[in-house]
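Everything below concerns the one structure shown next.
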Amino acid sequence: MHAQEVAQFLQDNPDFFEQNPELLEQLTVPHVTGGQAISLTERQVSTLRDKLQQVQGKLVELVGFGEENDAISEKVHRMTIDLLISESFESVSQALYTHLIEDFAVPHVQLRIWNSILKRPLPEFCEASEALRIEAGELPRPYCGPVHNEEVRAWFGDNADALQSWALIPLRRDAQVFGMLALGSEDAQRFFPEMGTLYVERIGDLVSAGVLRYVG
């Protein structure tokens with residue numbers, strides 16, 4: 001019989017070694033790290049041990065992700081409460097900046113509102129160009145990565161040149177975009193195109209709801 005035929009036979013008869021257990025002790029295979037041959041049973045144990053270590057490593061990784069998500073959820077929860085109890089646009093924006101900068105450790109935050117009934121002599125209500133409004137309206141989800149739009153960069157003043165990654169979050173009233181929340185970081189890996197944006201989108205939804213109570 002050829003080796004391929006033996007392999008096919010064992011695949012077709014997975015209970016072969018259960019019916020012939022004595023063969024497991026007689027068969028030998030090379031050790032995975034070289035050296036003397038070991039029994040097939042020892043090789044199976046070694047393989048299972050390696051797989052167990054891989055599973056344990058994956059479990060540790062998943063637990064780490066779970067703990068990280070729990071921590072983010074707690075931060076979002078705290079911010080939600082403060083936005084809910086805010087009684088003016090100024091208190092909403094203050095709660096937003098405080099949580100993003102102190103709780104989420106986002107060093108640079110800018111909020112811009114347009115098409116608003118409410119008017120204030122504040123940076124948040126500075127006029128946005130038609131081109132930027134169109135660009136924001138075409139974003140299906142938050143944009144993460146480098147930003148070359150000079151208008152957006154100008155919001156951050158002298159800090160703009162030091163920022164390496166950005167998150168641009170459109171604020172929506174139903175399907176209409178009425179503003180943008182921009183986050184900036186000196187860390188090039190803080191916001192990147194392939195990152196998950198679930199929590200960033202939720203923050204955008206929260207900010208949109210909080211702001212809309214006052215800007216109309």
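Following the order of the structure tokens, chains are lettered A, B, ..., residues in each are numbered from 1, and ligands are numbered from 1.
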Within 9 Å of Phe178 of chain A using only C-alpha atoms, minus same-chain residues under 3 positions, as a list in words: Arg112, Ile113, Trp114, Asn115, Ser116, Arg133, Ala136, Gly137, Pro170, Leu171, Arg172, Arg173 and Ser208 of chain A
I need the chosen residues saved as a PDB file, in the first residue's frame, with C-alpha atoms.
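And here is the file that came out, part12.pdb:
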```pdb
ATOM      1  CA  ARG A 112     -18.881  72.375  15.314  1.00  0.00           C
ATOM      2  CA  ILE A 113     -22.595  73.025  14.727  1.00  0.00           C
ATOM      3  CA  TRP A 114     -24.275  74.405  11.622  1.00  0.00           C
ATOM      4  CA  ASN A 115     -27.885  74.918  10.473  1.00  0.00           C
ATOM      5  CA  SER A 116     -28.735  75.796  14.068  1.00  0.00           C
ATOM      6  CA  ARG A 133     -20.887  70.385   5.045  1.00  0.00           C
ATOM      7  CA  ALA A 136     -19.563  65.583   6.341  1.00  0.00           C
ATOM      8  CA  GLY A 137     -22.957  64.686   4.911  1.00  0.00           C
ATOM      9  CA  PRO A 170     -20.792  63.456  11.789  1.00  0.00           C
ATOM     10  CA  LEU A 171     -23.643  64.618  14.010  1.00  0.00           C
ATOM     11  CA  ARG A 172     -27.056  63.747  12.600  1.00  0.00           C
ATOM     12  CA  ARG A 173     -30.634  64.877  12.905  1.00  0.00           C
ATOM     13  CA  SER A 208     -26.185  64.462  18.529  1.00  0.00           C
TER      14      SER A 208
END
```
Leaving out segment 103-111 of chain A and any residue of its chain fewer than 5 positions from it, which residues lie within 10 Å of it when counting only C-alpha atoms, given as a ChimeraX atom specification? /A:72,75-76,78-79,93,96-98,123-126,152,155-156,159-160,163,166-169,171,179-186,190,207
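As for atom CA of Asn149 of chain A and atom CA of Leu122 of chain A, they are spaced 21.5 Å apart.
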Quick check for you: according to DSSP on this backbone, which residues of segment 15-208 of chain A are classed as alpha helix (DSSP H)? Reply as a ChimeraX atom specification. /A:16-19,22-26,40-85,89-98,130-137,150-154,198-208
Take the selection from the previous step and output its residues with C-alpha atoms, as a tab-separated table (two decimals), in the first residue's frame.
```
chain	number	residue	atom	x	y	z
A	16	PHE	CA	-9.35	2.15	13.75
A	17	PHE	CA	-7.08	2.92	16.71
A	18	GLU	CA	-9.97	2.51	19.13
A	19	GLN	CA	-10.31	-1.05	17.84
A	22	GLU	CA	-2.06	-1.64	21.14
A	23	LEU	CA	-0.83	-0.09	17.87
A	24	LEU	CA	-0.68	3.36	19.49
A	25	GLU	CA	2.12	2.18	21.75
A	26	GLN	CA	4.01	0.44	18.96
A	40	LEU	CA	2.17	8.13	18.63
A	41	THR	CA	0.31	8.58	21.92
A	42	GLU	CA	3.04	10.86	23.26
A	43	ARG	CA	2.96	12.82	20.01
A	44	GLN	CA	-0.80	13.22	20.33
A	45	VAL	CA	-0.42	14.42	23.91
A	46	SER	CA	2.24	16.90	22.79
A	47	THR	CA	-0.01	18.16	19.98
A	48	LEU	CA	-2.96	18.51	22.33
A	49	ARG	CA	-0.78	20.37	24.81
A	50	ASP	CA	0.28	22.83	22.11
A	51	LYS	CA	-3.35	23.33	21.06
A	52	LEU	CA	-4.32	23.87	24.69
A	53	GLN	CA	-1.69	26.57	25.05
A	54	GLN	CA	-3.01	28.26	21.90
A	55	VAL	CA	-6.57	28.12	23.24
A	56	GLN	CA	-5.46	29.49	26.60
A	57	GLY	CA	-3.64	32.33	24.85
A	58	LYS	CA	-6.74	33.13	22.80
A	59	LEU	CA	-8.88	33.01	25.96
A	60	VAL	CA	-6.58	35.46	27.72
A	61	GLU	CA	-6.82	37.74	24.69
A	62	LEU	CA	-10.63	37.53	24.63
A	63	VAL	CA	-10.82	38.24	28.37
A	64	GLY	CA	-8.62	41.28	27.79
A	65	PHE	CA	-10.92	42.51	25.03
A	66	GLY	CA	-13.93	41.94	27.28
A	67	GLU	CA	-12.41	43.92	30.13
A	68	GLU	CA	-11.46	46.73	27.75
A	69	ASN	CA	-15.00	46.84	26.33
A	70	ASP	CA	-16.44	46.89	29.87
A	71	ALA	CA	-14.23	49.85	30.74
A	72	ILE	CA	-15.29	51.74	27.60
A	73	SER	CA	-18.96	50.96	28.26
A	74	GLU	CA	-18.60	52.36	31.77
A	75	LYS	CA	-17.07	55.58	30.41
A	76	VAL	CA	-19.85	55.93	27.83
A	77	HIS	CA	-22.40	55.36	30.58
A	78	ARG	CA	-20.94	58.13	32.75
A	79	MET	CA	-20.90	60.54	29.84
A	80	THR	CA	-24.49	59.63	28.94
A	81	ILE	CA	-25.67	60.51	32.44
A	82	ASP	CA	-23.93	63.89	32.39
A	83	LEU	CA	-25.36	64.70	28.96
A	84	LEU	CA	-28.85	63.77	30.16
A	85	ILE	CA	-28.74	66.04	33.19
A	89	PHE	CA	-25.87	73.85	25.32
A	90	GLU	CA	-22.93	75.15	27.33
A	91	SER	CA	-23.32	72.39	29.94
A	92	VAL	CA	-23.67	69.76	27.20
A	93	SER	CA	-20.46	70.88	25.50
A	94	GLN	CA	-18.64	71.13	28.83
A	95	ALA	CA	-19.69	67.57	29.77
A	96	LEU	CA	-18.59	66.38	26.34
A	97	TYR	CA	-15.14	67.97	26.54
A	98	THR	CA	-14.58	66.86	30.12
A	130	GLU	CA	-20.44	74.43	2.03
A	131	ALA	CA	-17.73	72.02	0.88
A	132	LEU	CA	-17.16	70.78	4.42
A	133	ARG	CA	-20.89	70.39	5.04
A	134	ILE	CA	-21.19	68.28	1.91
A	135	GLU	CA	-18.16	66.20	2.86
A	136	ALA	CA	-19.56	65.58	6.34
A	137	GLY	CA	-22.96	64.69	4.91
A	150	GLU	CA	-7.28	72.48	6.07
A	151	GLU	CA	-10.59	73.80	7.38
A	152	VAL	CA	-10.88	71.00	9.92
A	153	ARG	CA	-7.19	71.27	10.82
A	154	ALA	CA	-7.65	75.00	11.46
A	198	LEU	CA	-18.86	51.03	17.24
A	199	TYR	CA	-18.20	53.11	20.36
A	200	VAL	CA	-17.18	56.15	18.32
A	201	GLU	CA	-20.54	55.95	16.50
A	202	ARG	CA	-22.39	55.60	19.81
A	203	ILE	CA	-20.63	58.67	21.17
A	204	GLY	CA	-21.69	60.51	18.02
A	205	ASP	CA	-25.30	59.45	18.57
A	206	LEU	CA	-25.18	60.59	22.20
A	207	VAL	CA	-23.67	63.95	21.34
A	208	SER	CA	-26.19	64.46	18.53
```
Using only C-alpha atoms, which residue out of A:Gln164, A:Gln8, A:Thr197, A:Ser88 lies closest to Val215 of chain A? A:Ser88
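Here atom CA of Gly216 of chain A and atom CA of Gly157 of chain A stand 28.3 Å from one another.
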As a list in words, list the residues of segment 67-198 of chain A assigned to strand (DSSP E or B) by DSSP on the backbone atoms of this structure. His108, Val109, Gln110, Leu111, Arg112, Ile113, Tyr143, Cys144, Gly145, Ser165, Trp166, Ala167, Leu168, Ile169, Pro170, Leu171, Arg172, Arg173, Gln176, Val177, Phe178, Gly179, Met180, Leu181, Ala182, Leu183, Gly184 and Ser185 of chain A
Convert the current residue selection to file output with C-alpha atoms, as a compact mmCIF listing (two decimals), in the first residue's frame.
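Below is the file part26.txt, written as the result:
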```
# COMPACT_ATOMS: atom_id res chain seq x y z
CA HIS A 108 -7.81 67.41 21.44
CA VAL A 109 -11.57 67.81 20.89
CA GLN A 110 -13.49 70.22 18.70
CA LEU A 111 -17.25 70.50 18.18
CA ARG A 112 -18.88 72.38 15.31
CA ILE A 113 -22.59 73.03 14.73
CA TYR A 143 -13.79 58.66 9.59
CA CYS A 144 -10.59 57.61 11.34
CA GLY A 145 -7.11 58.32 10.04
CA SER A 165 -4.48 60.76 13.75
CA TRP A 166 -8.05 62.00 13.78
CA ALA A 167 -11.63 60.85 14.18
CA LEU A 168 -14.30 62.87 12.38
CA ILE A 169 -17.78 62.04 13.66
CA PRO A 170 -20.79 63.46 11.79
CA LEU A 171 -23.64 64.62 14.01
CA ARG A 172 -27.06 63.75 12.60
CA ARG A 173 -30.63 64.88 12.91
CA GLN A 176 -29.30 65.20 7.93
CA VAL A 177 -25.82 66.07 9.22
CA PHE A 178 -25.92 69.26 11.29
CA GLY A 179 -22.41 69.29 12.73
CA MET A 180 -19.22 67.42 13.43
CA LEU A 181 -17.26 66.20 16.41
CA ALA A 182 -13.51 66.08 15.67
CA LEU A 183 -11.00 64.23 17.84
CA GLY A 184 -7.24 64.53 17.41
CA SER A 185 -4.21 62.76 18.81
```
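For the residues A:Val147, A:Ala162, A:Leu212, A:Met195, ranking by smallest atom-to-atom distance to Leu118 of chain A using only C-alpha atoms places A:Leu212 first.
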